[in-house]
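With mmCIF, C-alpha atoms inside, this is input-v4.cif:
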data_coords
loop_
_atom_site.label_atom_id
_atom_site.label_comp_id
_atom_site.auth_asym_id
_atom_site.auth_seq_id
_atom_site.Cartn_x
_atom_site.Cartn_y
_atom_site.Cartn_z
CA MET P 3 154.40 103.54 140.29
CA SER P 4 151.21 102.16 138.81
CA SER P 5 149.56 105.56 138.43
CA LEU P 6 152.16 106.49 135.86
CA ASP P 7 151.53 103.40 133.73
CA PRO P 8 149.05 105.03 131.34
CA ILE P 9 151.79 107.27 130.00
CA HIS P 10 154.83 105.27 130.94
CA ASP P 11 155.60 104.24 127.37
CA GLY P 12 155.41 107.82 126.15
CA GLU P 13 152.38 107.17 123.96
CA LEU P 14 149.77 109.88 124.36
CA SER P 15 147.03 110.98 122.02
CA PRO P 16 147.19 114.60 120.82
CA GLU P 17 144.08 115.24 122.95
CA LEU P 18 145.85 114.08 126.08
CA GLU P 19 148.93 116.13 125.23
CA THR P 20 146.74 119.22 124.94
CA ALA P 21 145.03 118.28 128.22
CA LEU P 22 148.40 118.06 129.99
CA ASP P 23 149.33 121.46 128.65
CA SER P 24 146.06 122.92 129.94
CA CYS P 25 146.88 121.49 133.36
CA VAL P 26 150.25 123.23 133.41
CA LYS P 27 148.43 126.47 132.57
CA VAL P 28 146.23 125.88 135.63
CA PHE P 29 149.34 125.49 137.78
CA MET P 30 150.77 128.70 136.37
CA LEU P 31 147.66 130.83 136.82
CA GLN P 32 146.29 129.37 140.05
CA GLY P 33 149.52 128.18 141.59
CA PHE P 34 150.82 124.73 142.37
CA GLN P 35 149.77 125.10 146.01
CA HIS P 36 146.23 126.23 145.20
CA ALA P 37 145.39 124.04 142.20
CA THR P 38 143.34 120.95 143.00
CA LEU P 39 142.96 117.67 141.18
CA GLU P 40 139.44 118.88 140.39
CA ASP P 41 140.87 121.99 138.67
CA LEU P 42 143.06 119.68 136.61
CA ALA P 43 140.04 117.56 135.69
CA ILE P 44 138.16 120.63 134.47
CA ALA P 45 141.17 121.97 132.56
CA SER P 46 141.84 118.66 130.88
CA GLY P 47 138.20 118.09 130.00
CA THR P 48 138.04 114.87 131.99
CA SER P 49 136.36 113.99 135.26
CA ARG P 50 137.66 114.15 138.79
CA ASP P 51 137.26 110.35 138.98
CA PHE P 52 139.42 109.91 135.92
CA ILE P 53 142.20 112.14 137.27
CA GLU P 54 142.04 110.64 140.75
CA GLY P 55 142.02 107.18 139.23
CA HIS P 56 145.40 107.87 137.67
CA PHE P 57 147.06 110.31 140.06
CA ALA P 58 146.84 110.27 143.82
CA THR P 59 148.45 113.69 144.20
CA LYS P 60 149.39 116.80 142.23
CA GLU P 61 153.02 115.87 142.66
CA GLN P 62 152.39 112.51 141.04
CA PHE P 63 150.62 114.25 138.20
CA CYS P 64 153.61 116.56 137.70
CA ALA P 65 156.07 113.67 137.78
CA ALA P 66 153.99 111.82 135.19
CA ALA P 67 153.79 114.90 132.94
CA LEU P 68 157.55 115.38 133.14
CA ARG P 69 158.18 111.71 132.46
CA TRP P 70 155.84 111.78 129.48
CA TYR P 71 157.72 114.70 127.94
CA PHE P 72 161.14 113.20 128.42
CA ALA P 73 160.07 109.67 127.44
CA LYS P 74 158.62 110.91 124.20
CA PHE P 75 161.86 112.59 123.17
CA TYR P 76 164.34 110.14 124.67
CA ARG P 77 162.79 107.01 123.18
CA GLN P 78 162.79 108.46 119.69
CA LEU P 79 166.22 110.05 119.91
CA ARG P 80 167.76 106.96 121.47
CA SER P 81 166.57 104.76 118.63
CA VAL P 82 167.93 107.22 116.04
CA LEU P 83 171.27 107.34 117.88
CA ALA P 84 171.47 103.54 117.89
CA LEU P 85 170.99 103.38 114.12
CA HIS P 86 174.42 104.88 113.43
CA SER P 87 177.72 103.43 114.56
CA GLU P 88 179.84 106.50 113.70
CA ILE P 89 179.49 109.62 115.80
CA TYR P 90 179.00 112.20 113.01
CA PRO P 91 175.99 110.61 111.28
CA ALA P 92 174.58 109.63 114.68
CA VAL P 93 174.63 113.18 116.05
CA GLU P 94 173.43 114.68 112.78
CA ALA P 95 170.46 112.29 112.64
CA VAL P 96 169.56 112.97 116.28
CA LEU P 97 169.71 116.74 115.77
CA TYR P 98 167.45 116.58 112.72
CA GLU P 99 165.03 114.28 114.52
CA PHE P 100 165.01 116.61 117.51
CA ILE P 101 164.15 119.58 115.27
CA GLU P 102 161.30 117.63 113.69
CA LEU P 103 159.88 116.52 117.06
CA SER P 104 160.17 119.99 118.56
CA ARG P 105 158.61 121.65 115.51
CA GLU P 106 155.79 119.10 115.56
CA GLN P 107 154.99 120.08 119.14
CA TYR P 108 155.29 123.78 118.38
CA VAL P 109 152.93 123.55 115.40
CA ALA P 110 150.45 121.43 117.41
CA GLY P 111 150.70 123.97 120.26
CA THR P 112 151.46 121.30 122.88
CA ALA P 113 154.04 121.31 125.68
CA MET P 114 154.33 125.06 125.24
CA ARG P 115 154.63 125.64 128.97
CA PHE P 116 156.99 122.85 129.74
CA HIS P 117 159.67 125.10 131.17
CA THR P 118 157.18 126.44 133.68
CA LEU P 119 156.39 122.88 134.73
CA MET P 120 160.11 122.27 135.21
CA ASP P 121 160.36 125.46 137.29
CA ILE P 122 157.43 124.26 139.44
CA ALA P 123 159.17 120.90 139.88
CA GLY P 124 162.33 122.73 140.90
CA LEU P 125 160.55 124.19 143.93
CA ASP P 126 159.51 120.77 145.28
CA PRO P 127 162.40 118.67 146.66
CA ASP P 128 161.04 115.29 145.45
CA LEU P 129 160.01 116.56 142.03
CA SER P 130 163.28 118.39 141.72
CA GLU P 131 165.18 115.14 142.27
CA GLU P 132 162.94 113.35 139.79
CA LEU P 133 163.58 116.05 137.20
CA ARG P 134 167.33 115.93 137.80
CA LYS P 135 167.35 112.17 137.22
CA MET P 136 165.34 112.47 134.01
CA LYS P 137 167.65 115.15 132.61
CA LEU P 138 170.71 113.13 133.61
CA GLU P 139 169.35 109.98 132.01
CA GLY P 140 169.16 111.60 128.59
CA LEU P 141 172.56 113.22 128.90
CA GLU P 142 174.28 110.04 130.09
CA HIS P 143 173.05 108.15 127.08
CA PHE P 144 174.44 110.84 124.83
CA ILE P 145 177.79 110.96 126.67
CA TYR P 146 177.96 107.15 126.38
CA LYS P 147 177.63 107.40 122.59
CA PHE P 148 180.49 109.89 122.44
CA SER P 149 182.60 107.66 124.71
CA GLU P 150 181.85 104.67 122.50
CA CYS P 151 183.11 106.62 119.50
CA GLU P 152 185.97 108.46 121.22
CA LYS P 153 188.57 106.82 118.97
CA GLU P 154 187.15 108.85 116.09
CA LEU P 155 188.17 112.05 117.90
CA ILE P 156 191.54 113.80 117.64
CA ASN P 157 191.49 114.07 121.43
CA PRO P 158 189.40 111.29 123.02
CA GLY P 159 189.49 113.24 126.30
CA GLU P 160 187.10 115.76 124.74
CA ALA P 161 184.26 113.24 124.35
CA LYS P 162 182.36 114.47 127.41
CA ALA P 163 182.77 118.16 126.60
CA LEU P 164 181.56 117.52 123.05
CA ALA P 165 178.51 115.68 124.38
CA GLN P 166 177.83 118.70 126.63
CA TYR P 167 178.28 121.05 123.70
CA PHE P 168 175.57 119.18 121.79
CA ALA P 169 173.34 119.06 124.88
CA THR P 170 173.69 122.88 124.86
CA ILE P 171 172.71 122.99 121.18
CA PHE P 172 169.66 120.76 121.83
CA GLU P 173 168.49 123.05 124.64
CA GLY P 174 169.15 126.13 122.53
CA ILE P 175 167.26 124.73 119.54
CA SER P 176 164.35 123.80 121.78
CA ILE P 177 164.07 127.44 122.92
CA MET P 178 164.51 128.78 119.38
CA VAL P 179 161.64 126.56 118.21
CA GLN P 180 159.46 128.22 120.83
CA HIS P 181 160.61 131.65 119.64
CA GLY P 182 159.29 130.64 116.23
CA MET P 183 162.59 130.17 114.37
CA SER P 184 161.95 128.89 110.84
CA HIS P 185 162.48 125.28 109.84
CA ASP P 186 165.33 126.24 107.49
CA ASP P 187 167.10 128.34 110.10
CA LEU P 188 166.86 125.53 112.66
CA TYR P 189 168.59 123.21 110.21
CA LYS P 190 171.20 125.88 109.59
CA MET P 191 171.90 126.00 113.36
CA ALA P 192 172.21 122.21 113.43
CA ASN P 193 174.61 122.25 110.49
CA PHE P 194 176.75 124.96 112.10
CA SER P 195 177.05 122.82 115.20
CA MET P 196 178.06 119.79 113.12
CA GLU P 197 181.08 121.79 111.93
CA VAL P 198 182.30 121.82 115.54
CA LEU P 199 182.17 118.04 115.62
CA ALA P 200 183.88 117.76 112.22
CA ASN P 201 186.63 119.99 113.58
CA HIS P 202 187.32 117.50 116.40
CA LEU P 203 187.35 114.36 114.24
CA LYS P 204 190.60 112.73 113.18
CA LYS P 205 191.87 113.61 109.74
CA GLY P 206 190.69 111.16 107.12
CA SER P 207 187.12 111.21 108.40
CA ASN P 208 184.65 111.78 105.61
CA TYR P 209 182.88 114.66 107.35
CA MET J 9 156.91 154.61 135.00
CA LYS J 10 158.94 155.66 137.99
CA SER J 11 159.84 152.19 139.30
CA CYS J 12 161.11 151.01 135.92
CA ASP J 13 163.36 154.03 135.42
CA LYS J 14 165.31 152.88 138.45
CA ILE J 15 165.83 149.49 136.84
CA VAL J 16 166.95 150.91 133.51
CA ASP J 17 169.61 152.85 135.38
CA GLY J 18 170.78 149.60 136.91
CA LYS J 19 170.44 151.05 140.39
CA VAL J 20 168.10 148.48 141.81
CA THR J 21 168.46 148.06 145.56
CA PRO J 22 169.23 144.58 146.98
CA GLU J 23 165.73 144.59 148.52
CA ILE J 24 164.12 145.09 145.11
CA GLU J 25 166.41 142.45 143.58
CA ASN J 26 165.29 140.00 146.21
CA LEU J 27 161.69 140.93 145.53
CA PHE J 28 162.14 140.24 141.79
CA ASP J 29 163.72 136.89 142.53
CA GLN J 30 161.02 135.88 145.00
CA CYS J 31 158.01 137.06 143.00
CA VAL J 32 158.35 134.32 140.40
CA LYS J 33 158.41 131.66 143.13
CA VAL J 34 155.20 133.13 144.53
CA PHE J 35 153.64 133.01 141.05
CA LEU J 36 154.60 129.36 140.63
CA LEU J 37 153.35 128.26 144.03
CA LYS J 38 150.36 130.53 144.54
CA GLY J 39 149.49 131.27 140.91
CA TYR J 40 150.00 134.27 138.68
CA GLU J 41 146.28 135.10 138.67
CA THR J 42 145.54 134.40 142.32
CA SER J 43 148.64 135.75 144.10
CA THR J 44 148.53 139.22 145.60
CA LEU J 45 151.07 142.01 146.00
CA GLU J 46 150.84 141.37 149.77
CA GLU J 47 151.97 137.75 149.33
CA ILE J 48 154.83 138.84 147.09
CA ALA J 49 155.86 141.49 149.63
CA GLU J 50 155.89 138.87 152.39
CA ALA J 51 158.03 136.49 150.33
CA GLY J 52 160.40 139.33 149.45
CA GLY J 53 160.72 140.39 153.08
CA CYS J 54 159.25 143.85 152.67
CA THR J 55 156.05 145.58 153.61
CA PRO J 56 153.07 145.80 151.24
CA GLU J 57 153.39 149.61 151.48
CA CYS J 58 156.96 149.43 150.23
CA ILE J 59 156.05 147.26 147.25
CA LYS J 60 153.05 149.44 146.37
CA GLU J 61 155.25 152.52 146.47
CA HIS J 62 157.22 151.08 143.56
CA PHE J 63 154.61 149.04 141.69
CA SER J 64 150.94 149.84 141.44
CA THR J 65 149.95 146.46 139.96
CA LYS J 66 151.19 142.89 139.80
CA GLU J 67 151.59 143.22 136.04
CA GLU J 68 153.86 146.22 136.48
CA LEU J 69 155.97 144.33 139.01
CA THR J 70 156.19 141.31 136.71
CA ALA J 71 157.23 143.40 133.71
CA ALA J 72 159.85 145.15 135.83
CA ALA J 73 161.17 141.84 137.19
CA MET J 74 161.48 140.46 133.67
CA ARG J 75 163.26 143.62 132.54
CA TRP J 76 165.64 143.29 135.47
CA TYR J 77 166.44 139.67 134.47
CA TYR J 78 167.26 140.76 130.93
CA ILE J 79 169.11 143.97 131.76
CA LYS J 80 171.38 142.20 134.21
CA TYR J 81 172.67 140.23 131.25
CA SER J 82 172.33 142.65 128.37
CA ARG J 83 174.20 145.50 130.08
CA GLN J 84 177.21 143.24 130.55
CA MET J 85 176.91 141.77 127.05
CA ARG J 86 176.81 145.24 125.55
CA ALA J 87 179.89 146.29 127.53
CA GLU J 88 181.81 143.18 126.44
CA MET J 89 180.95 143.72 122.78
CA ALA J 90 182.00 147.36 122.99
CA MET J 91 185.32 146.43 124.59
CA HIS J 92 186.32 143.92 121.90
CA GLN J 93 186.77 145.10 118.36
CA ASP J 94 187.00 141.83 116.47
CA ILE J 95 184.03 139.49 116.32
CA TYR J 96 185.80 136.41 117.70
CA SER J 97 187.01 138.19 120.85
CA ALA J 98 183.64 139.89 121.25
CA MET J 99 181.66 136.64 121.06
CA GLU J 100 184.15 134.85 123.32
CA ALA J 101 183.79 137.62 125.90
CA VAL J 102 179.99 137.61 125.61
CA LEU J 103 179.78 133.84 126.15
CA PHE J 104 182.18 133.92 129.10
CA ALA J 105 180.35 136.85 130.71
CA PHE J 106 177.04 135.09 130.22
CA ILE J 107 178.34 131.92 131.88
CA GLU J 108 179.83 133.92 134.73
CA ILE J 109 176.62 135.83 135.48
CA SER J 110 174.47 132.66 135.26
CA CYS J 111 176.83 130.66 137.47
CA ASP J 112 176.95 133.48 140.03
CA GLN J 113 173.15 133.44 140.11
CA VAL J 114 173.08 129.68 140.70
CA HIS J 115 175.77 129.88 143.39
CA ALA J 116 173.83 132.65 145.13
CA ASN J 117 170.79 130.32 145.14
CA LYS J 118 168.93 132.66 142.84
CA GLY J 119 166.64 130.95 140.38
CA LEU J 120 167.04 131.23 136.62
CA PHE J 121 163.38 131.83 135.91
CA VAL J 122 163.37 133.58 132.55
CA ARG J 123 161.37 130.78 130.90
CA THR J 124 158.55 131.08 133.41
CA PHE J 125 158.45 134.85 132.86
CA ILE J 126 158.14 134.16 129.15
CA ASP J 127 155.30 131.69 129.75
CA ILE J 128 153.57 134.33 131.89
CA ALA J 129 154.08 136.80 129.04
CA TYR J 130 151.87 134.62 126.87
CA VAL J 131 148.95 135.05 129.24
CA ASP J 132 149.50 138.73 130.10
CA ASP J 133 149.65 141.40 127.38
CA VAL J 134 151.51 143.94 129.56
CA VAL J 135 154.30 141.45 130.26
CA LYS J 136 154.26 140.19 126.68
CA LYS J 137 154.98 143.63 125.24
CA SER J 138 157.86 144.01 127.66
CA PHE J 139 159.23 140.58 126.71
CA GLU J 140 159.04 141.25 122.96
CA ASP J 141 160.91 144.55 123.31
CA LEU J 142 163.64 142.93 125.40
CA GLN J 143 163.97 139.93 123.11
CA ASP J 144 164.31 142.21 120.07
CA ASP J 145 166.87 144.37 121.84
CA TRP J 146 168.94 141.33 122.76
CA GLU J 147 168.90 140.03 119.19
CA VAL J 148 169.65 143.44 117.69
CA GLN J 149 172.70 143.89 119.94
CA VAL J 150 174.34 140.69 118.72
CA LEU J 151 173.31 141.26 115.11
CA ASP J 152 174.70 144.82 115.17
CA LYS J 153 178.07 143.55 116.33
CA PHE J 154 178.19 140.99 113.54
CA ASN J 155 177.26 143.67 111.03
CA GLN J 156 180.01 145.96 112.33
CA CYS J 157 182.51 143.13 111.87
CA LYS J 158 181.17 141.58 108.68
CA ASP J 159 184.37 142.36 106.76
CA GLU J 160 186.18 139.88 109.01
CA LEU J 161 184.05 137.07 107.58
CA LYS J 162 184.77 135.11 104.41
CA ASP J 163 181.11 135.41 103.53
CA PRO J 164 179.53 138.57 105.02
CA SER J 165 176.07 137.35 104.03
CA GLU J 166 176.26 134.87 106.93
CA VAL J 167 176.06 137.56 109.65
CA GLU J 168 172.43 136.90 110.47
CA ALA J 169 172.79 133.12 110.62
CA LEU J 170 175.90 133.42 112.81
CA ALA J 171 174.18 135.87 115.16
CA HIS J 172 171.29 133.41 115.51
CA TYR J 173 173.72 130.57 116.10
CA PHE J 174 175.26 132.39 119.08
CA LEU J 175 171.83 133.30 120.42
CA THR J 176 170.99 129.58 120.23
CA VAL J 177 174.19 128.70 122.10
CA ILE J 178 173.41 131.32 124.77
CA GLU J 179 169.90 129.94 125.31
CA GLY J 180 171.38 126.45 125.62
CA LEU J 181 174.06 127.56 128.09
CA TYR J 182 171.38 129.13 130.27
CA GLU J 183 169.43 125.88 130.46
CA LEU J 184 172.47 123.70 131.18
CA ILE J 185 173.76 125.99 133.92
CA LYS J 186 170.30 126.17 135.42
CA TYR J 187 170.21 122.38 135.75
CA GLY J 188 173.56 122.17 137.46
CA THR J 189 176.20 121.55 134.75
CA PRO J 190 179.60 122.48 136.24
CA CYS J 191 180.64 125.95 135.11
CA GLU J 192 184.16 124.81 134.08
CA LEU J 193 182.54 122.51 131.55
CA MET J 194 180.41 125.36 130.25
CA TYR J 195 183.54 127.40 129.43
CA LYS J 196 184.81 124.44 127.37
CA VAL J 197 181.47 124.27 125.58
CA ALA J 198 181.66 128.02 124.86
CA ILE J 199 185.14 127.65 123.34
CA MET J 200 183.96 124.73 121.21
CA SER J 201 181.02 126.75 119.94
CA LEU J 202 183.45 129.38 118.65
CA ASP J 203 184.89 126.87 116.14
CA THR J 204 181.97 127.64 113.85
CA LEU J 205 182.95 131.30 113.81
CA GLU J 206 186.69 130.69 113.51
CA VAL J 207 186.40 128.66 110.29
CA ARG J 208 184.33 131.48 108.77
CA MET J 209 186.80 134.25 109.52
CA LYS J 210 189.20 135.40 106.85
CA HIS J 211 192.14 135.31 109.23
CA GLY J 212 190.92 132.82 111.85
CA GLN J 213 191.08 133.46 115.58
CA PRO J 214 193.00 136.59 116.65
CA LYS J 215 196.38 135.39 117.93
CA LYS J 216 196.50 137.41 121.12
CA LYS J 217 193.25 135.94 122.30
CA LYS J 218 194.44 132.35 122.28
CA GLY J 219 194.77 130.90 125.76
CA SER J 220 192.51 133.40 127.46
CA LYS J 221 192.18 133.27 131.24
CA LYS J 222 189.08 131.05 131.16
CA LYS J 223 190.58 128.75 128.56
CA ALA J 224 193.70 128.38 130.68
CA LYS J 225 191.55 127.25 133.63
#

Mind turning the file's structure into structure tokens?
Amino acid sequence: MSSLDPIHDGELSPELETALDSCVKVFMLQGFQHATLEDLAIASGTSRDFIEGHFATKEQFCAAALRWYFAKFYRQLRSVLALHSEIYPAVEAVLYEFIELSREQYVAGTAMRFHTLMDIAGLDPDLSEELRKMKLEGLEHFIYKFSECEKELINPGEAKALAQYFATIFEGISIMVQHGMSHDDLYKMANFSMEVLANHLKKGSNY
Amino acid sequence: MKSCDKIVDGKVTPEIENLFDQCVKVFLLKGYETSTLEEIAEAGGCTPECIKEHFSTKEELTAAAMRWYYIKYSRQMRAEMAMHQDIYSAMEAVLFAFIEISCDQVHANKGLFVRTFIDIAYVDDVVKKSFEDLQDDWEVQVLDKFNQCKDELKDPSEVEALAHYFLTVIEGLYELIKYGTPCELMYKVAIMSLDTLEVRMKHGQPKKKKGSKKKAK
């Protein structure tokens, strides 16, 4: 979809991130049905021509915004995951990176209404499917890492459930960041969760 | 506020429950600022007169709907914590009850819209006050239980961090269930999350609680 190209690689300036967030606020206050591409242009501080040049419809705009958010996180987390061959350091590094990325967004005040955007997407069948695929894509990559390393586990059959446990922790941390949890406490939560993984590793592991 | 007293008592009629569930969809599609009580009434299948009898403004309805979302969970959580004396059993019961309520909501095609309510709270002071009170109450409940049971822990100074850890897990469970993770898998995740607590308890997991009904599933 060519209209998504400008943000396909996940690279957006802080100004554009703020603009996207303003657009989600428009959806929330004026409604997805009522908001026009012109409203989005005003909210984002651009022109109608600019918006219409990139997005033919509101739905396309929403899909692009969702993709931007996920791409930004997934690309970074995926590269961190790939840096470590053993599961413990891999998950630990991804958790820490996730905290840093989420905190960065919280401090910058961007993507604050992302859950509302996901709820809007959930009410549109096409967007809902798009969102489901994006969520699944991130999770599958994580499950794959656990499967790759399943021999490190006492019970290799638990690889998927462990991946889901950490997906739960990621989601939980993301919410806690928005509730303003301190940097130190977020790391404490991450370290608590690493104890669960350590508990499922074969004896003789260094963790 | 007459309409909210009914909700605190937990005696909300199915019609009002449906109205609370539908109102957030109306806000998302038609806008929080631009939607009217009439549009919400229509979506909820009741007359505007009926809705106005209970709620004089949209803000009042929104605050009540948010309170209903929270109370549905917190009443059950409170009951579970009261029924289980030791902290491990209490947290296990809280997590299982949370999963059960959330899964029931999903199976009944009810949305899990708490996050949108919270986002609305940040643009509406009436709703925000309501949200902050509920959030504090939720946190205090869990923290109180940990404080009651702190002697069960090797290091009682960890009560606050452990309470926050379980609140983090609960927030995560909510999101995963919302996006369709099978509930059976969520029970496994809940049991895994309890490892962190078990290693911190002086005497580990209470024996009688091993192999609980959900675990056996």

> Got a sec to pull out which chain J residues are within 6 Å of chain P, counting all atoms listed in the file, and send them as a count of residues only?
Replying inline: 17

> Expanded to explicit residues, what is the PyMOL selection byres ((chain P and resi 93) around 10) for this file, as a PyMOL selection string?
Replying inline: chain P and resi 79+82-83+86+88-92+94-99+144+147-148+165+168+192+195-196+199

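Relative to CA of Gln107 (chain P), CA of Gly140 (chain P) is found at 19.0 Å.
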
> Using the chain letters and numbers from the file, which residues does the PyMOL selection byres ((chain J and resi 168) around 12) grab, as number ranges by chain?
Replying inline: P: 187, 190-191; J: 147-158, 161, 163-167, 169-175

>> One decimal, in Å: what's the spacing between CA of Met74 (chain J) and CA of Phe139 (chain J)?
In response: 7.3 Å

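Closest approach to Tyr71 (chain P) from the set P:Leu155, P:Leu103, P:Val109, P:Leu203 is made by P:Leu103, with distances taken over all atoms listed in the file.
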
> What gap, in Å, lies between CA of Glu140 (chain J) and CA of Tyr78 (chain J)?
Replying inline: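 Answer for the CA of Glu140 (chain J) to CA of Tyr78 (chain J) separation: 11.5 Å.
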
Could you name the residues that touch Pro56 (chain J) at 12 Å or less, counting only C-alpha atoms, but leaving out those on the same chain fewer than 2 positions away, as a short mmCIF file (atom, residue, chain, number, x, y, z; two decimals) with C-alpha atoms, in the coordinates of the input?
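What follows is the written file result.cif:
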data_model
loop_
_atom_site.label_atom_id
_atom_site.label_comp_id
_atom_site.auth_asym_id
_atom_site.auth_seq_id
_atom_site.Cartn_x
_atom_site.Cartn_y
_atom_site.Cartn_z
CA LEU J 27 161.69 140.93 145.53
CA THR J 44 148.53 139.22 145.60
CA LEU J 45 151.07 142.01 146.00
CA GLU J 46 150.84 141.37 149.77
CA GLU J 47 151.97 137.75 149.33
CA ILE J 48 154.83 138.84 147.09
CA ALA J 49 155.86 141.49 149.63
CA GLU J 50 155.89 138.87 152.39
CA ALA J 51 158.03 136.49 150.33
CA GLY J 52 160.40 139.33 149.45
CA GLY J 53 160.72 140.39 153.08
CA CYS J 54 159.25 143.85 152.67
CA CYS J 58 156.96 149.43 150.23
CA ILE J 59 156.05 147.26 147.25
CA LYS J 60 153.05 149.44 146.37
CA GLU J 61 155.25 152.52 146.47
CA HIS J 62 157.22 151.08 143.56
CA PHE J 63 154.61 149.04 141.69
CA SER J 64 150.94 149.84 141.44
CA THR J 65 149.95 146.46 139.96
CA LYS J 66 151.19 142.89 139.80
#

>> For a quick check of understanding, using only C-alpha atoms, which of J:Glu25, J:Asp132, J:Asp159, J:Glu206 has the smallest distance to Tyr77 (chain J)?
In response: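 Comparing J:Glu25, J:Asp132, J:Asp159, J:Glu206 against Tyr77 (chain J), the winner is J:Glu25.
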
>> What would the selection look like, as number ranges by chain, if the PyMOL selection byres ((chain P and resi 24) around 10) were run on the coordinates I just shared?
In response: P: 18-23, 25-30, 42-47, 112-115

Let's have the selection written as a PDB file, keeping the file's coordinate frame, with C-alpha atoms.
ATOM      1  CA  LEU P  18     145.850 114.080 126.080  1.00  0.00           C
ATOM      2  CA  GLU P  19     148.930 116.130 125.230  1.00  0.00           C
ATOM      3  CA  THR P  20     146.740 119.220 124.940  1.00  0.00           C
ATOM      4  CA  ALA P  21     145.030 118.280 128.220  1.00  0.00           C
ATOM      5  CA  LEU P  22     148.400 118.060 129.990  1.00  0.00           C
ATOM      6  CA  ASP P  23     149.330 121.460 128.650  1.00  0.00           C
ATOM      7  CA  CYS P  25     146.880 121.490 133.360  1.00  0.00           C
ATOM      8  CA  VAL P  26     150.250 123.230 133.410  1.00  0.00           C
ATOM      9  CA  LYS P  27     148.430 126.470 132.570  1.00  0.00           C
ATOM     10  CA  VAL P  28     146.230 125.880 135.630  1.00  0.00           C
ATOM     11  CA  PHE P  29     149.340 125.490 137.780  1.00  0.00           C
ATOM     12  CA  MET P  30     150.770 128.700 136.370  1.00  0.00           C
ATOM     13  CA  LEU P  42     143.060 119.680 136.610  1.00  0.00           C
ATOM     14  CA  ALA P  43     140.040 117.560 135.690  1.00  0.00           C
ATOM     15  CA  ILE P  44     138.160 120.630 134.470  1.00  0.00           C
ATOM     16  CA  ALA P  45     141.170 121.970 132.560  1.00  0.00           C
ATOM     17  CA  SER P  46     141.840 118.660 130.880  1.00  0.00           C
ATOM     18  CA  GLY P  47     138.200 118.090 130.000  1.00  0.00           C
ATOM     19  CA  THR P 112     151.460 121.300 122.880  1.00  0.00           C
ATOM     20  CA  ALA P 113     154.040 121.310 125.680  1.00  0.00           C
ATOM     21  CA  MET P 114     154.330 125.060 125.240  1.00  0.00           C
ATOM     22  CA  ARG P 115     154.630 125.640 128.970  1.00  0.00           C
TER      23      ARG P 115
END

>> For a quick check of understanding, using only C-alpha atoms, which of J:Thr204, J:Thr55, J:Gln84, J:Thr70 has the smallest distance to Cys31 (chain J)?
In response: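 Of J:Thr204, J:Thr55, J:Gln84, J:Thr70, the one nearest Cys31 (chain J), counting only C-alpha atoms, is J:Thr70.
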
>> For Ser149 (chain P), find every residue with an atom within 8 Å (counting only C-alpha atoms), except residues of its own chain fewer than 4 positions away, and show them as a PyMOL selection string.
In response: chain P and resi 145+158+161-162

In the coordinate frame of the file, compute which residues have an atom within 10 Å of (167.6, 142.9, 135.2) when using only C-alpha atoms, and state them as a PDB file with C-alpha atoms, in the coordinates of the input.
ATOM      1  CA  ILE J  15     165.830 149.490 136.840  1.00  0.00           C
ATOM      2  CA  VAL J  16     166.950 150.910 133.510  1.00  0.00           C
ATOM      3  CA  GLY J  18     170.780 149.600 136.910  1.00  0.00           C
ATOM      4  CA  VAL J  20     168.100 148.480 141.810  1.00  0.00           C
ATOM      5  CA  GLU J  25     166.410 142.450 143.580  1.00  0.00           C
ATOM      6  CA  PHE J  28     162.140 140.240 141.790  1.00  0.00           C
ATOM      7  CA  ALA J  72     159.850 145.150 135.830  1.00  0.00           C
ATOM      8  CA  ALA J  73     161.170 141.840 137.190  1.00  0.00           C
ATOM      9  CA  MET J  74     161.480 140.460 133.670  1.00  0.00           C
ATOM     10  CA  ARG J  75     163.260 143.620 132.540  1.00  0.00           C
ATOM     11  CA  TRP J  76     165.640 143.290 135.470  1.00  0.00           C
ATOM     12  CA  TYR J  77     166.440 139.670 134.470  1.00  0.00           C
ATOM     13  CA  TYR J  78     167.260 140.760 130.930  1.00  0.00           C
ATOM     14  CA  ILE J  79     169.110 143.970 131.760  1.00  0.00           C
ATOM     15  CA  LYS J  80     171.380 142.200 134.210  1.00  0.00           C
ATOM     16  CA  TYR J  81     172.670 140.230 131.250  1.00  0.00           C
ATOM     17  CA  SER J  82     172.330 142.650 128.370  1.00  0.00           C
ATOM     18  CA  ARG J  83     174.200 145.500 130.080  1.00  0.00           C
TER      19      ARG J  83
END

> Which residue, P:His143, P:Ile156, P:Ser104, P:Leu39, has the smallest gap to Gln62 (chain P) when you use all atoms listed in the file?
Replying inline: P:Leu39

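Nearest residue to Leu69 (chain J), choosing from J:Phe35, J:Tyr195, J:Tyr187, J:Tyr130 and counting all atoms listed in the file: J:Phe35.
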